[in-house]
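Enquirer: Handing over input39.cif, mmCIF, C-alpha atoms.
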```cif
data_run
loop_
_atom_site.label_atom_id
_atom_site.label_comp_id
_atom_site.auth_asym_id
_atom_site.auth_seq_id
_atom_site.Cartn_x
_atom_site.Cartn_y
_atom_site.Cartn_z
CA MET A 1 91.42 120.04 72.85
CA TYR A 2 94.41 120.26 70.57
CA VAL A 3 97.53 119.16 72.42
CA GLY A 4 100.10 118.98 69.66
CA GLU A 5 101.16 117.76 66.29
CA VAL A 6 100.66 114.21 65.13
CA SER A 7 103.73 112.13 65.82
CA SER A 8 104.83 108.57 66.39
CA VAL A 9 104.03 108.81 70.10
CA ASN A 10 100.39 108.37 71.03
CA ALA A 11 98.59 108.13 74.34
CA GLU A 12 97.99 104.41 73.93
CA ARG A 13 101.76 103.89 73.76
CA VAL A 14 102.42 105.72 77.01
CA PRO A 15 102.46 103.04 79.72
CA ALA A 16 100.97 104.11 83.04
CA GLU A 17 104.33 103.47 84.72
CA ALA A 18 106.13 105.78 82.29
CA ALA A 19 103.50 108.51 82.74
CA GLU A 20 103.71 108.25 86.53
CA ALA A 21 107.51 108.31 86.35
CA ALA A 22 107.41 111.53 84.30
CA VAL A 23 105.17 113.21 86.87
CA GLY A 24 107.41 111.93 89.66
CA ARG A 25 110.51 113.25 87.94
CA LEU A 26 109.09 116.76 87.72
CA ARG A 27 108.12 116.57 91.40
CA GLU A 28 111.73 115.72 92.25
CA MET A 29 113.09 118.53 90.10
CA SER A 30 110.97 121.36 91.50
CA ALA A 31 110.74 122.24 95.18
CA ASP A 32 108.10 124.87 94.34
CA LEU A 33 105.74 122.44 92.61
CA ARG A 34 102.22 122.20 94.05
CA GLY A 35 101.07 119.65 91.50
CA CYS A 36 101.33 118.57 87.88
CA ALA A 37 99.78 116.34 85.25
CA LEU A 38 100.76 114.64 82.01
CA ILE A 39 98.13 115.10 79.30
CA GLY A 40 97.55 112.96 76.21
CA PRO A 41 96.55 114.16 72.73
CA GLY A 42 92.80 113.96 73.37
CA GLY A 43 93.06 115.88 76.61
CA GLN A 44 93.05 112.73 78.75
CA VAL A 45 95.09 112.85 81.93
CA LEU A 46 97.73 110.11 81.72
CA ALA A 47 99.16 110.76 85.21
CA ALA A 48 98.82 113.43 87.88
CA THR A 49 99.92 114.30 91.39
CA SER A 50 96.28 114.33 92.50
CA GLU A 51 92.93 113.16 91.14
CA ALA A 52 93.10 113.07 87.34
CA ASP A 53 89.60 114.48 86.85
CA ARG A 54 90.67 117.70 88.55
CA TRP A 55 93.24 118.42 85.81
CA ALA A 56 91.47 117.78 82.50
CA GLU A 57 89.07 120.74 82.27
CA PRO A 58 91.41 123.44 83.66
CA THR A 59 94.17 122.21 81.34
CA ALA A 60 91.88 122.39 78.32
CA GLU A 61 90.83 125.91 79.28
CA LEU A 62 94.41 127.09 79.84
CA LEU A 63 95.65 125.74 76.51
CA ALA A 64 92.59 127.01 74.63
CA ALA A 65 93.06 130.52 76.05
CA ALA A 66 96.75 130.51 75.14
CA ASP A 67 95.99 129.26 71.63
CA ALA A 68 93.31 131.93 71.13
CA ALA A 69 95.88 134.64 71.83
CA GLY A 70 98.06 133.76 68.85
CA ASP A 71 98.06 132.51 65.29
CA GLU A 72 99.50 129.08 66.19
CA PRO A 73 99.08 126.72 69.12
CA ALA A 74 101.18 127.84 72.09
CA SER A 75 104.25 125.70 72.73
CA HIS A 76 104.34 126.83 76.35
CA VAL A 77 102.25 128.89 78.74
CA HIS A 78 103.08 130.75 81.94
CA VAL A 79 100.49 132.56 84.05
CA ALA A 80 101.40 134.25 87.33
CA THR A 81 98.90 135.36 89.96
CA GLU A 82 99.12 136.52 93.55
CA ASP A 83 98.34 132.97 94.68
CA GLY A 84 100.79 131.04 92.50
CA GLU A 85 101.81 130.25 88.96
CA ALA A 86 100.58 127.92 86.24
CA PHE A 87 102.64 126.42 83.44
CA ALA A 88 101.92 124.27 80.42
CA VAL A 89 104.37 122.84 77.91
CA ARG A 90 103.60 120.89 74.74
CA HIS A 91 105.97 118.44 73.13
CA GLU A 92 105.03 116.21 70.22
CA ASN A 93 101.46 115.20 71.05
CA LEU A 94 101.80 115.33 74.83
CA ALA A 95 101.48 118.19 77.28
CA MET A 96 102.49 118.74 80.86
CA VAL A 97 100.82 121.24 83.16
CA ALA A 98 102.02 122.39 86.55
CA ALA A 99 100.92 124.63 89.41
CA THR A 100 103.65 126.18 91.55
CA GLU A 101 104.25 128.59 94.38
CA ARG A 102 104.64 132.27 93.56
CA PHE A 103 107.95 133.52 92.22
CA THR A 104 108.99 130.19 90.73
CA LEU A 105 111.75 130.76 88.19
CA ALA A 106 109.68 130.45 85.02
CA SER A 107 112.53 129.70 82.63
CA LEU A 108 113.73 126.83 84.82
CA MET A 109 110.24 125.36 85.26
CA ILE A 110 109.59 125.43 81.50
CA PHE A 111 113.04 123.93 80.84
CA ASP A 112 112.40 121.13 83.35
CA MET A 113 108.96 120.37 81.91
CA ARG A 114 110.39 120.22 78.39
CA ALA A 115 113.19 117.95 79.56
CA VAL A 116 110.72 115.55 81.20
CA LEU A 117 108.54 115.42 78.07
CA ARG A 118 111.52 114.96 75.73
CA ASP A 119 112.90 112.17 77.87
CA LEU A 120 109.51 110.45 77.93
CA VAL A 121 109.15 110.66 74.13
CA ARG A 122 112.72 109.40 73.67
CA GLU A 123 112.02 106.51 76.03
CA LEU A 124 108.92 105.51 74.04
CA ALA A 125 110.56 105.79 70.62
#
```
Taking this structure as input, can you express it in the form of structure tokens?
Expert:
Amino acid sequence: MYVGEVSSVNAERVPAEAAEAAVGRLREMSADLRGCALIGPGGQVLAATSEADRWAEPTAELLAAADAAGDEPASHVHVATEDGEAFAVRHENLAMVAATERFTLASLMIFDMRAVLRDLVRELA
């Protein structure tokens, strides 16, 4: 699974505490959040609100489908269904995915996810 461009941040440099803090920050920011995960460049789940193994395959499928729809890898994804909404945002070589309640304000969720990822990368620089 292609998560993002090569950069100075790699999964080995993301301490577990920092990954957990990023997931926790998004939880605090979004009242509509059902769950989320931080994904490393190889598709490995670095932190999640629930069991990590439940996030890896669906995340890979979501990002692959979004990438197949365009000429370049998708920087963000938003899918809405009757049951809820799914989001994915890539930054550097990390990604964050989230599942939310229906009618979540998409622009705000994507903004918050980007902010969490940017802060994490800045913290690790």
Enquirer: Name the residues in contact with A:Ala56 at a cut-off of 7 Å, using all atoms listed in the file, excluding same-chain residues fewer than 2 positions from it; report them as a ChimeraX atom specification.
Expert: /A:43-45,52-54,58-60
Enquirer: Selected by the PyMOL selection byres ((chain A and resi 29) around 12) in the shown coordinates: which residues, as a list in words?
Expert: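 For this structure, the PyMOL selection byres ((chain A and resi 29) around 12) captures Ala22, Val23, Gly24, Arg25, Leu26, Arg27, Glu28, Ser30, Ala31, Asp32, Leu33, Cys36, Leu108, Met109, Ile110, Phe111, Asp112, Met113, Ala115 and Val116 of chain A.
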Enquirer: Find the residues near stretch 14-17 of chain A: any atom within 8 Å, counting only C-alpha atoms, skip ones fewer than 6 places away on the same chain, and give them as a PyMOL selection string.
Expert: chain A and resi 46-47+124
Enquirer: Would you list the contacts of A:Asp67 as a short mmCIF file (atom, residue, chain, number, x, y, z; two decimals) with C-alpha atoms, keeping the file's coordinate frame, taking every protein, DNA or RNA residue within 10 Å and counting all atoms listed in the file, but skipping same-chain residues closer than 5 positions in sequence?
Expert:
```cif
data_model
loop_
_atom_site.label_atom_id
_atom_site.label_comp_id
_atom_site.auth_asym_id
_atom_site.auth_seq_id
_atom_site.Cartn_x
_atom_site.Cartn_y
_atom_site.Cartn_z
CA TYR A 2 94.41 120.26 70.57
CA GLU A 61 90.83 125.91 79.28
CA LEU A 62 94.41 127.09 79.84
CA GLU A 72 99.50 129.08 66.19
CA PRO A 73 99.08 126.72 69.12
CA ALA A 74 101.18 127.84 72.09
CA SER A 75 104.25 125.70 72.73
CA HIS A 76 104.34 126.83 76.35
CA VAL A 77 102.25 128.89 78.74
#
```
Enquirer: Tell me which of A:Ala64, A:Ala106, A:Ala19, A:Ala125 sits closest to A:Gly40, counting all atoms listed in the file.
Expert: A:Ala19
